[in-house]
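Here's the structure we're looking at; comments come further down.
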There are 4 protein chains.
Amino acid sequence: MKHQIKEAKGKLGVLMPGLGAVATTFIAGVESIKKGLSKPIGSVAQMGHIRLGKRTENRNPLIKDFVSLANLNDLVFGGWDVYEDNVYTAAVKAEVLDRFMLEAIKPELESIVPMKAAFDKNFVKNLDGTHVKDFKTRYDLAQAVIEDIKNFQKEKGCDRVVMVWCGSTEIYHEAADVHQSLAAFEQGLKDNDPRIAPSMIYAYAALTLGIPFANGAPNLTCDIPALVELSKKTKTPIAGKDFKTGQTLMKTILAPGLQARALGMEGWFSTNILGNRDGWVLDDPDNFKTKEVSKLGVLEDILMPEENPELYGDMYHKIRINYYPPRKDNKESWDNIDIFGWMGYKMQIKVNFLCRDSILAAPIVLDLALFIDFAKRAGMSGIQEWLSFYLKSPQTAPGLRPEHDIFKQLIKLQNTLRYLMGEDLITHLGLDYYEGILNEG
Amino acid sequence: MKHQIKEAKGKLGVLMPGLGAVATTFIAGVESIKKGLSKPIGSVAQMGHIRLGKRTENRNPLIKDFVSLANLNDLVFGGWDVYEDNVYTAAVKAEVLDRFMLEAIKPELESIVPMKAAFDKNFVKNLDGTHVKDFKTRYDLAQAVIEDIKNFQKEKGCDRVVMVWCGSTEIYHEAADVHQSLAAFEQGLKDNDPRIAPSMIYAYAALTLGIPFANGAPNLTCDIPALVELSKKTKTPIAGKDFKTGQTLMKTILAPGLQARALGMEGWFSTNILGNRDGWVLDDPDNFKTKEVSKLGVLEDILMPEENPELYGDMYHKIRINYYPPRKDNKESWDNIDIFGWMGYKMQIKVNFLCRDSILAAPIVLDLALFIDFAKRAGMSGIQEWLSFYLKSPQTAPGLRPEHDIFKQLIKLQNTLRYLMGEDLITHLGLDYYEGILNEG
Amino acid sequence: MKHQIKEAKGKLGVLMPGLGAVATTFIAGVESIKKGLSKPIGSVAQMGHIRLGKRTENRNPLIKDFVSLANLNDLVFGGWDVYEDNVYTAAVKAEVLDRFMLEAIKPELESIVPMKAAFDKNFVKNLDGTHVKDFKTRYDLAQAVIEDIKNFQKEKGCDRVVMVWCGSTEIYHEAADVHQSLAAFEQGLKDNDPRIAPSMIYAYAALTLGIPFANGAPNLTCDIPALVELSKKTKTPIAGKDFKTGQTLMKTILAPGLQARALGMEGWFSTNILGNRDGWVLDDPDNFKTKEVSKLGVLEDILMPEENPELYGDMYHKIRINYYPPRKDNKESWDNIDIFGWMGYKMQIKVNFLCRDSILAAPIVLDLALFIDFAKRAGMSGIQEWLSFYLKSPQTAPGLRPEHDIFKQLIKLQNTLRYLMGEDLITHLGLDYYEGILNEG
Amino acid sequence: MKHQIKEAKGKLGVLMPGLGAVATTFIAGVESIKKGLSKPIGSVAQMGHIRLGKRTENRNPLIKDFVSLANLNDLVFGGWDVYEDNVYTAAVKAEVLDRFMLEAIKPELESIVPMKAAFDKNFVKNLDGTHVKDFKTRYDLAQAVIEDIKNFQKEKGCDRVVMVWCGSTEIYHEAADVHQSLAAFEQGLKDNDPRIAPSMIYAYAALTLGIPFANGAPNLTCDIPALVELSKKTKTPIAGKDFKTGQTLMKTILAPGLQARALGMEGWFSTNILGNRDGWVLDDPDNFKTKEVSKLGVLEDILMPEENPELYGDMYHKIRINYYPPRKDNKESWDNIDIFGWMGYKMQIKVNFLCRDSILAAPIVLDLALFIDFAKRAGMSGIQEWLSFYLKSPQTAPGLRPEHDIFKQLIKLQNTLRYLMGEDLITHLGLDYYEGILNEG
């Protein structure tokens with residue numbers, strides 16, 4: 001039975017706190033796609049297919065032809081930043097994209113100018129933002145962001161708006177009492193409670209207006225009862241957290257494969273170099289800890305050492321990030337995986353990924369924006385676990401272990417779409433192609 | 001509804017054509033496990049868990065506790081080889097395992113002496129077998145192998161027997177008219193048709209006796225209508241072909257991950273070094289071609305360039321195997337993957353796998369033996385596509401594209417077991433943990 | 001005592017058979033340097049320093065300030081090719097350099113148009129040249145090349161000319177009777193002997209005119225008594241062969257280091273991928289053999305297994321080159337080195353070089369051109385062993401083992417310059433900085 | 001003219017502060033060599049050749065046949081440690097060597113029992129030594145060590161003794177006033193000055209007795225005027241510091257090669273994992289700093305950015321060491337080198353070294369012991385710069401830049417031996433093999 005889903009008509013506004021390398025690469029890409037200058041490579045929503053029915057039916061449409069998503073030509077962009085550069089200038093400084101391409105879309109990029117950021121240097125010590133909102137209390141900040149959103153929506157004539165956090169990693173902190181309920185949180189805003197992070201203020205503003213929110217950084221943000229409560233109250237989808245790119249992407253591809261084969265693991269050493277603003281922020285140990293926690297959990301949840309003590313009970317997992325300016329945004333990672341097999345014999349897998357941080361993140365921004373808008377139109381609200389596919393630290397219902405295996409995440413995403421569209425779920429059983437068991441069973 | 005499956009009582013004989021590095025490592029491992037000296041690492045049938053029901057049920061038994069498999073203590077071994085070394089001597093020469101461990105199980109290994117091989121040097125030019133059966137026609141050979149099997153079964157007191165090909169890669173050849181029907185094949189045996197490979201003779205002998213056959217090499221063997229016909233006639237399961245270890249294992253883990261994210265691919269260069277007997281056989285271009293064809297198809301079937309021409313239309317895939325004696329059985333592989341992402345920007349992934357050929361293959365021999373025996377007891381016959389998980393070139397029903405994605409193969413294997421045992425199939429939908437869509441839908 | 005060396009006055013013509021990726025990159029680089037757009041990175045003659053006297057004297061001039069070399073502004077270029085593209089077009093097709101840079105020097109590059117090549121397809125089967133000289137005998141070809149050179153020199157107003165072979169690798173062949181003396185060779189030219197390779201004809205033409213010749217490919221060319229005899233007769237310096245770039249460069253850096261420490265070696269596996277015209281030519285086994293022989297000798301001459309049988313007696317050296325179009329000129333190499341140390345314990349070194357073939361070769365063309373012109377002006381003739389530093393297969397006096405250790409080659413080069421300029425040779429003894437031995441000795 | 005050198009008669013005692021992985025591997029190796037069970041692989045003094053005279057003379061003796069070195073059968077061992085394990089037990093715990101080999105030399109190893117260490121936990125926070133000397137002042141400690149040495153020499157009947165520091169890395173500290181003269185130092189000992197490190201006390205004791213001292217760790221130790229003064233006063237050779245193994249060994253091989261070719265460098269990122277006691281000590285930032293300073297200087301001294309600003313002016317050098325228990329003593333390192341060449345084009349070199357820390361260090365202990373004993377017999381005293389070849393941070397005469405290029409270090413070592421033995425120094429000029437320049441010059 002097909003589900004009721006509102007059509008994707010009119011403009012979709014994509015608002016991003018943080019107009020740095022990731023956001024500008026995302027915007028530049030969509031603008032270049034609009035002009036026919038490039039393809040949305042890396043976007044599952046745009047380039048991915050979905051198999052429907054039995055293999056012999058040969059039904060394998062593009063996802064964008066299967067479900068109703070906003071058309072890229074209907075996307076408009078806005079955001080906030082602690083620097084006042086417009087998107088063109090910020091993209092040039094980020095040094096992710098060729099100047100040649102940037103020139104071709106210069107007018108579109110120049111026209112997008114950041115709004116003043118809701119910022120608190122205590123959460124990102126290595127940034128010296130100058131383009132920031134004055135405020136007495138965090139409540140004032142929240143109201144100012146709400147105003148910004150309303151103005152943006154009116155100015156651009158948006159039918160709908162989504163928000164995707166593309167800003168920096170904030171310092172590590174854990175949920176406190178002020179985060180436990182919407183009432184406590186709103187009181188905290190008024191009391192200017194220093195435990196309310198800037199990212200929470202953006203999310204609060206969005207959810208208050210019923211605007212879906214996706215979190216691209218490992219920040220706590222929506223992972224608190226207060227904002228989950230708000231998302232349900234305003235029937236708004238949320239998804240988080242931390243774009244799954246580079247090294248963790250590889251980890252959630254490889255680890256399920258090794259685990260599937262019951263190969264043991266003694267250790268996994270991950271290190272990487274990057275020289276962009278993100279690398280500089282993570283050079284501060286407090287901010288690195290937030291990222292480290294997000295990256296560390298992945299292996300444990302995939303391997304489940306408590307159920308497989310002989311295979312994974314002694315696994316040693318170490319992650320390092322090194323600020324290394326020569327490479328700028330071109331992050332490079334090295335993984336060394338110490339595995340063991342039959343009779344305990346040791347083997348090693350080494351993965352060296354010459355990746356590009358923002359190039360991998362940009363299509364995730366697009367997909368999260370398109371799918372979370374779709375979720376809203378489909379009447380879904382609260383935590384969208386089916387978007388775990390894109391995230392390092394998927395948010396789940398309380399009591400559920402997050403699923404990090406990217407292949408299970410993919411099936412979840414695809415079967416959710418199939419379910420909503422009234423198609424059969426895929427189980428890969430396929431016994432009906434063969435004689436024997438079924439005929440006789 | 002649970003399916004009717006015969007109990008796994010009595011001894012299970014495992015017969016292997018080819019008692020070289022792989023077979024001796026497999027046998028040594030099982031004998032050391034029987035003595036409590038090691039664990040069956042790498043065996044999904046022994047160490048793997050299977051999730052049953054909803055996540056919140058926390059049912060995740062070992063597979064061997066879920067379905068009825070032969071107990072390792074009930075396994076007995078036999079085989080054929082072109083060299084007359086017993087399994088202990090062959091294992092020492094293979095230099096895969098520590099002498100220390102081999103000494104501890106020397107009596108068990110010494111007692112296993114190969115039967116004379118059905119051999120034709122035209123199919124493996126780099127081997128000079130001396131321990132081979134005399135014959136006038138291939139029909140004589142087949143009868144001799146049938147006699148061997150009967151004698152083994154009687155001598156060892158086996159309740160059931162399975163056969164797993166652990167021999168060398170034969171030269172490349174394609175199915176001809178003599179392979180098109182059982183009648184033509186049997187006539188060919190009598191005519192001593194040179195297009196009937198030794199591996200086909202073993203398979204023919206096994207299937208004639210209703211003994212399940214699994215093919216660990218990329219040889220044509222059962223991939224011909226004649227032997228599929230025979231397997232159905234005698235209600236015998238078959239599975240093939242080519243143990244999925246090392247580089248191809250990594251390829252079927254990584255490629256689905258990259259494809260899942262709609263990342264484009266320009267090229268994939270795979271090379272490896274190995275110095276064992278297998279490496280020496282593959283140094284002959286005719287034998288290498290058989291292996292190359294088996295390895296090459298993998299990517300195309302996962303990426304489906306005809307459906308994704310913008311992502312995979314120009315992919316260049318190259319595979320090299322280099323005989324390099326210093327490493328012996330410790331195969332090492334290098335993969336270079338040229339991918340591209342958002343706006344066409346290029347990235348590279350490099351994987352270096354210091355693996356051990358026979359250590360990775362041995363638990364596959366075990367699992368195929370256990371599962372194909374299980375299939376027989378469950379009344380399944382013909383091609384067992386659900387065992388694709390273990391194989392580089394899965395055999396499928398005519399007209400079906402083989403599934404190489406190891407994660408889909410795993411779901412197929414697991415859902416097949418769930419189905420036979422009357423458990424719900426897993427779809428990873430999981431929407432019932434969340435409010436919203438389901439309540440309203 | 002300082003040696004008599006003629007001044008480097010007037011224009012120096014650099015003639016190159018083969019105006020492909022290497023030659024066009026070299027020319028484009030020099031033209032961009034003339035315009036102040038880039039620096040001669042990788043040129044020891046231009047950027048390298050040379051220490052003079054004791055360490056405490058702090059004399060460390062640039063080599064170009066120490067010896068009289070042609071000024072880059074005095075260089076003019078010409079050449080032959082089997083395709084008729086001018087240097088600008090050829091550079092664009094080679095895809096080595098950014099279009100942005102090429103546009104800035106387009107007029108200079110467009111003005112250089114290749115002369116018709118002296119070509120014989122039997123020596124390079126994978127090339128289909130159309131821009132080639134007609135000829136009856138190889139003698140005619142030689143005369144035509146001599147005419148080309150004279151015309152070039154007159155047209156460009158050159159004071160001096162040198163020739164550097166930048167063409168393809170010819171098929172493997174060994175010196176025959178026709179190569180044993182100048183007389184036999186000249187008779188062979190008249191008889192159109194098919195064993196006289198095109199590269200020999202260019203060298204013959206140059207040496208006949210007293211023009212120094214350097215050989216950048218592994219071709220036999222000057223490594224024959226006939227042309228050595230001619231070089232002495234016309235008092236002309238020669239140097240060869242095969243530009244030392246990429247993987248062999250790394251090998252002659254690493255191997256001396258491991259040998260210096262008396263570390264043993266079991267094997268060295270070298271493989272690489274490249275997708276340029278050179279890669280395509282080497283895809284033919286006959287041409288690959290020429291390259292393979294050139295690359296293989298390196299290790300043996302550095303490690304001297306006959307003197308160190310316990311360390312290097314069983315060394316297995318394997319080299320593979322793989323044509324892989326996605327990378328074009330951006331060659332990538334992998335080396336795996338199996339070493340052993342104290343008590344025989346094994347270790348591994350893996351080197352992965354993401355290099356650029358023509359970028360590494362171009363400054364070698366420059367240095368060979370500058371230094372071989374310098375040698376001519378210094379009155380040196382015949383084999384210039386001191387230029388081994390730049391070459392994979394250094395030519396030496398009969399009976400001498402070629403020196404492949406790049407550090408000994410460097411000292412030889414530097415001490416040759418010091419010697420010619422009347423400076424003390426450097427021995428790195430340095431005992432005079434310390435008390436003890438010298439005071440008492 | 002040949003120098004006067006005393007014969008190497010009688011026993012040579014090798015005393016080592018620190019009987020951990022390195023020292024026990026060294027001792028076990030020599031004992032196994034004495035029994036004919038292994039070869040001194042990695043020892044230049046034992047396995048290395050030295051070329052004498054012109055190439056055509058073919059004189060290339062083993063170094064040990066050229067100069068008078070102690071015979072390995074004359075070596076006896078002793079040492080100090082903070083743990084009371086004998087050498088056999090310590091070797092077993094270090095897990096560097098196979099048990100099989102250790103059993104064969106168990107009696108020899110068991111008989112070597114450490115003396116109580118002169119220890120101060122402030123210098124190595126991560127070690128909890130229990131087998132340590134009580135003391136009131138550092139002067140008492142020095143006297144106790146002197147007594148230990150005298151007892152050892154008498155007990156073992158040694159003709160000569162040398163000391164090689166094989167202990168841990170101490171925390172970073174710089175030379176203070178107490179280190180500026182022998183008088184100040186001796187006063188400091190009596191005042192129990194906390195700035196006098198334990199390693200200095202061992203060196204002081206050795207030098208006082210005229211016993212040569214070599215420093216295998218990056219500790220300050222002898223790099224202070226006080227102990228240089230003492231070494232001259234007692235006519236004793238000293239050498240230091242920090243055994244050049246693994247990653248820095250590779251760096252001093254590769255960097256000279258790249259610099260020789262005038263290739264530019266943007267950055268060098270070095271990281272490694274190790275899980276032995278050394279790794280645990282270096283997990284403390286204060287101890288890591290000592291090691292980091294020792295490792296960092298290497299590149300700058302080889303590349304000399306102040307003389308080559310266009311090539312090396314912006315080089316970014318980063319070094320990380322990661323404690324990673326699964327690997328124990330099998331250190332693994334990764335280097336990423338960002339170079340640039342002709343016209344500024346960027347290339348990358350990646351080196352992955354699967355090394356073994358103690359296996360690489362052990363033959364260095366041997367060579368330093370043999371050569372520093374040789375130096376003593378040759379009448380050399382004070383700093384032995386010719387032993388830089390073995391050391392990460394070579395000690396030099398004041399005002400001299402240390403030479404890190406391993407190839408220049410090798411020539412220095414070899415030419416020093418040639419000089420002492422009255423042989424011609426080698427300059428690699430070799431022009432006399434060729435006609436031309438010399439005949440005319």
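Every chain in the structure tokens has a letter given in the order shown (A, B, ...), and although residue numbers restart at 1 in each chain, ligands are simply numbered from 1 in the order shown.
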
Just need the residues of chain A within 8 Å of chain D, counting only C-alpha atoms, so spit them out as a list in words.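 For chain A, the answer reads Glu266, Gly267, Phe269, Tyr316, Lys318, Tyr324, Pro325, Pro326 and Asp338 of chain A.
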
May I have the residues within 7 Å of Leu354 (chain A) as a PyMOL selection string, using only C-alpha atoms and disregarding those fewer than 4 positions away in the same chain? (chain A and resi 331-333) or (chain B and resi 347-349)

Do a neighbour search on Thr396 (chain D) at 12 Å with only C-alpha atoms, toss out local chain neighbours closer than 5 positions, and write the hits as JSON, numbers by chain. {"C": [430, 431, 433, 434], "D": [222, 223, 224, 225, 228, 238, 239, 240, 241, 382, 383, 384, 385, 386, 387, 388, 391, 401, 402, 403, 404]}

Check region 160-288 of chain C with DSSP on the backbone and list each residue it calls strand (DSSP E), as a list in words. Arg160, Val161, Val162, Met163, Val164, Trp165, Phe213, Ala214, Asn215, Pro237, Ile238, Ala239, Gly240, Gly264, Met265, Glu266, Gly267, Trp268, Phe269, Ser270, Thr271, Asn272, Ile273 and Leu274 of chain C

Take the residues from that selection and put them in a file with N, CA and C atoms, as a short mmCIF file (atom, residue, chain, number, x, y, z; two decimals), in the first residue's frame.
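Result file again-v7.cif:
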```cif
data_model
loop_
_atom_site.label_atom_id
_atom_site.label_comp_id
_atom_site.auth_asym_id
_atom_site.auth_seq_id
_atom_site.Cartn_x
_atom_site.Cartn_y
_atom_site.Cartn_z
N ARG C 160 76.60 26.50 -30.80
CA ARG C 160 76.87 25.08 -30.54
C ARG C 160 75.53 24.33 -30.54
N VAL C 161 75.61 23.01 -30.75
CA VAL C 161 74.40 22.19 -30.74
C VAL C 161 74.69 20.93 -29.93
N VAL C 162 73.67 20.44 -29.20
CA VAL C 162 73.75 19.11 -28.57
C VAL C 162 72.49 18.35 -28.96
N MET C 163 72.58 17.02 -28.88
CA MET C 163 71.40 16.21 -29.20
C MET C 163 71.08 15.30 -28.00
N VAL C 164 69.79 15.28 -27.62
CA VAL C 164 69.34 14.41 -26.52
C VAL C 164 68.19 13.56 -27.03
N TRP C 165 68.35 12.25 -27.02
CA TRP C 165 67.29 11.36 -27.48
C TRP C 165 66.13 11.37 -26.48
N PHE C 213 76.10 13.78 -27.86
CA PHE C 213 74.85 13.02 -27.91
C PHE C 213 74.59 12.36 -26.56
N ALA C 214 73.37 12.57 -26.01
CA ALA C 214 72.96 11.90 -24.77
C ALA C 214 71.72 11.07 -25.06
N ASN C 215 71.67 9.88 -24.49
CA ASN C 215 70.61 8.93 -24.83
C ASN C 215 69.65 8.72 -23.67
N PRO C 237 81.75 14.26 -26.85
CA PRO C 237 81.27 13.53 -25.66
C PRO C 237 79.96 12.79 -25.95
N ILE C 238 79.84 11.61 -25.35
CA ILE C 238 78.58 10.88 -25.40
C ILE C 238 78.20 10.44 -23.98
N ALA C 239 76.88 10.28 -23.76
CA ALA C 239 76.43 9.83 -22.44
C ALA C 239 75.15 9.03 -22.62
N GLY C 240 75.04 7.97 -21.86
CA GLY C 240 73.83 7.17 -21.94
C GLY C 240 73.88 6.12 -20.87
N GLY C 264 70.26 -7.78 4.70
CA GLY C 264 70.08 -8.76 3.64
C GLY C 264 68.82 -8.50 2.82
N MET C 265 68.74 -9.11 1.66
CA MET C 265 67.57 -8.91 0.82
C MET C 265 67.15 -10.23 0.16
N GLU C 266 65.86 -10.56 0.34
CA GLU C 266 65.31 -11.79 -0.25
C GLU C 266 64.66 -11.52 -1.59
N GLY C 267 64.07 -10.33 -1.72
CA GLY C 267 63.38 -10.06 -2.97
C GLY C 267 63.03 -8.59 -3.08
N TRP C 268 62.86 -8.17 -4.31
CA TRP C 268 62.42 -6.80 -4.59
C TRP C 268 61.43 -6.90 -5.73
N PHE C 269 60.20 -6.51 -5.45
CA PHE C 269 59.14 -6.56 -6.46
C PHE C 269 58.74 -5.14 -6.82
N SER C 270 58.87 -4.82 -8.09
CA SER C 270 58.55 -3.47 -8.57
C SER C 270 57.45 -3.56 -9.61
N THR C 271 56.43 -2.76 -9.44
CA THR C 271 55.40 -2.72 -10.48
C THR C 271 54.98 -1.28 -10.64
N ASN C 272 54.51 -0.93 -11.82
CA ASN C 272 53.98 0.41 -11.95
C ASN C 272 52.90 0.49 -13.01
N ILE C 273 52.16 1.57 -12.95
CA ILE C 273 51.10 1.82 -13.93
C ILE C 273 51.39 3.14 -14.61
N LEU C 274 51.20 3.17 -15.90
CA LEU C 274 51.24 4.45 -16.59
C LEU C 274 50.41 4.37 -17.85
#
```

Pairwise distance for CA of Asp335 (chain C) and CA of Val351 (chain C), rounded to one decimal in Å: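 According to the coordinates, CA of Asp335 (chain C) and CA of Val351 (chain C) are separated by 5.0 Å.
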
Near region 202-206 of chain C, within 10 Å and counting only C-alpha atoms, which residues show up once chain neighbours fewer than 6 positions away are dropped, as number ranges by chain? C: 15-17, 80, 117-118, 141-149, 161-165, 182, 185-186, 212-215, 221-222, 226-227, 230-231, 236, 238

Determine, counting only C-alpha atoms, which protein, DNA and RNA residues have an atom within 9 Å of an atom of Lys346 (chain D); residues of the same chain fewer than 4 positions away are not included. Present the result as a VMD selection string. (chain C and resid 355 to 356) or (chain D and resid 266 338 to 342)

Do a neighbour search on Asp373 (chain A) at 9 Å with only C-alpha atoms, toss out local chain neighbours closer than 2 positions, and write the hits as a PDB file with N, CA and C atoms, in the first residue's frame.
```pdb
ATOM      1  N   ALA A   8       6.549  17.680  -4.144  1.00  0.00           N
ATOM      2  CA  ALA A   8       7.646  18.619  -3.900  1.00  0.00           C
ATOM      3  C   ALA A   8       7.505  19.805  -4.840  1.00  0.00           C
ATOM      4  N   LEU A  12      12.744  25.065  -2.478  1.00  0.00           N
ATOM      5  CA  LEU A  12      13.215  24.509  -1.195  1.00  0.00           C
ATOM      6  C   LEU A  12      14.439  25.290  -0.751  1.00  0.00           C
ATOM      7  N   LEU A  69      11.209  14.007  -4.996  1.00  0.00           N
ATOM      8  CA  LEU A  69      12.221  14.834  -4.328  1.00  0.00           C
ATOM      9  C   LEU A  69      12.202  16.221  -4.955  1.00  0.00           C
ATOM     10  N   ALA A  70      12.681  17.194  -4.195  1.00  0.00           N
ATOM     11  CA  ALA A  70      12.803  18.540  -4.762  1.00  0.00           C
ATOM     12  C   ALA A  70      13.731  18.491  -5.966  1.00  0.00           C
ATOM     13  N   ARG A 160       9.293  25.592   1.182  1.00  0.00           N
ATOM     14  CA  ARG A 160       9.747  24.829   2.338  1.00  0.00           C
ATOM     15  C   ARG A 160      11.209  25.165   2.611  1.00  0.00           C
ATOM     16  N   VAL A 161      11.650  24.911   3.856  1.00  0.00           N
ATOM     17  CA  VAL A 161      13.040  25.156   4.231  1.00  0.00           C
ATOM     18  C   VAL A 161      13.546  23.965   5.027  1.00  0.00           C
ATOM     19  N   VAL A 162      14.838  23.608   4.831  1.00  0.00           N
ATOM     20  CA  VAL A 162      15.504  22.639   5.711  1.00  0.00           C
ATOM     21  C   VAL A 162      16.802  23.274   6.191  1.00  0.00           C
ATOM     22  N   ILE A 211      10.978  23.292  10.879  1.00  0.00           N
ATOM     23  CA  ILE A 211      11.946  23.105   9.788  1.00  0.00           C
ATOM     24  C   ILE A 211      12.858  21.927  10.125  1.00  0.00           C
ATOM     25  N   PRO A 212      12.935  20.915   9.233  1.00  0.00           N
ATOM     26  CA  PRO A 212      13.778  19.741   9.501  1.00  0.00           C
ATOM     27  C   PRO A 212      15.235  20.148   9.698  1.00  0.00           C
ATOM     28  N   PRO A 237      11.115  16.287  11.253  1.00  0.00           N
ATOM     29  CA  PRO A 237      12.170  15.256  11.231  1.00  0.00           C
ATOM     30  C   PRO A 237      13.533  15.828  11.644  1.00  0.00           C
ATOM     31  N   LEU A 368      20.881  14.707   2.377  1.00  0.00           N
ATOM     32  CA  LEU A 368      20.174  14.925   3.639  1.00  0.00           C
ATOM     33  C   LEU A 368      19.112  15.998   3.468  1.00  0.00           C
ATOM     34  N   ALA A 369      19.445  17.059   2.733  1.00  0.00           N
ATOM     35  CA  ALA A 369      18.466  18.117   2.505  1.00  0.00           C
ATOM     36  C   ALA A 369      17.257  17.563   1.748  1.00  0.00           C
ATOM     37  N   LEU A 370      17.519  16.797   0.686  1.00  0.00           N
ATOM     38  CA  LEU A 370      16.419  16.284  -0.138  1.00  0.00           C
ATOM     39  C   LEU A 370      15.582  15.257   0.628  1.00  0.00           C
ATOM     40  N   PHE A 371      16.245  14.350   1.340  1.00  0.00           N
ATOM     41  CA  PHE A 371      15.505  13.274   2.003  1.00  0.00           C
ATOM     42  C   PHE A 371      14.778  13.762   3.259  1.00  0.00           C
ATOM     43  N   ALA A 375      10.968  13.444   4.010  1.00  0.00           N
ATOM     44  CA  ALA A 375      10.409  12.869   5.233  1.00  0.00           C
ATOM     45  C   ALA A 375       9.305  13.765   5.788  1.00  0.00           C
ATOM     46  N   LYS A 376       9.590  15.061   5.769  1.00  0.00           N
ATOM     47  CA  LYS A 376       8.596  16.017   6.263  1.00  0.00           C
ATOM     48  C   LYS A 376       7.301  15.904   5.452  1.00  0.00           C
ATOM     49  N   ARG A 377       7.450  15.853   4.137  1.00  0.00           N
ATOM     50  CA  ARG A 377       6.270  15.765   3.277  1.00  0.00           C
ATOM     51  C   ARG A 377       5.543  14.429   3.440  1.00  0.00           C
ATOM     52  N   ALA A 378       6.296  13.397   3.882  1.00  0.00           N
ATOM     53  CA  ALA A 378       5.678  12.079   4.088  1.00  0.00           C
ATOM     54  C   ALA A 378       5.064  11.960   5.473  1.00  0.00           C
TER      55      ALA A 378
END
```

Might you pull out every residue within 12 Å of Leu37 (chain A), with only C-alpha atoms counted and same-chain residues fewer than 4 positions away left off, and present them as a PyMOL selection string? (chain A and resi 28-33+100-102+104-105) or (chain B and resi 342-344)

So how far away is CA of Phe243 (chain D) from CA of Leu127 (chain D), in Å? 20.8 Å

What residues in region 132-333 of chain C get the DSSP label alpha helix (DSSP H)? Please answer as JSON, numbers by chain. {"C": [138, 139, 140, 141, 142, 143, 144, 145, 146, 147, 148, 149, 150, 151, 152, 153, 154, 155, 156, 182, 183, 184, 185, 186, 187, 188, 189, 190, 198, 199, 200, 201, 202, 203, 204, 205, 206, 207, 208, 225, 226, 227, 228, 229, 230, 231, 232, 233, 246, 247, 248, 249, 250, 251, 252, 253, 254, 255, 256, 257, 258, 259, 260, 277, 278, 279, 280, 281, 282, 285, 286, 287, 288, 289, 290, 291, 292, 293, 294, 295, 296, 297, 298, 299, 300, 301, 302, 303, 309, 310, 311, 312]}

Between D:Glu307, D:Ala21, D:Leu360, D:Gly313, which one has atoms that come closest to Arg59 (chain C), using only C-alpha atoms?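 Looking only at the distances to Arg59 (chain C), the closest residue turns out to be D:Glu307.
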
Between CA of Asp424 (chain B) and CA of Ile50 (chain A), what is the distance in Å, rounded to a tenth?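 Taking CA of Asp424 (chain B) as the start and CA of Ile50 (chain A) as the end point, the length is 23.1 Å.
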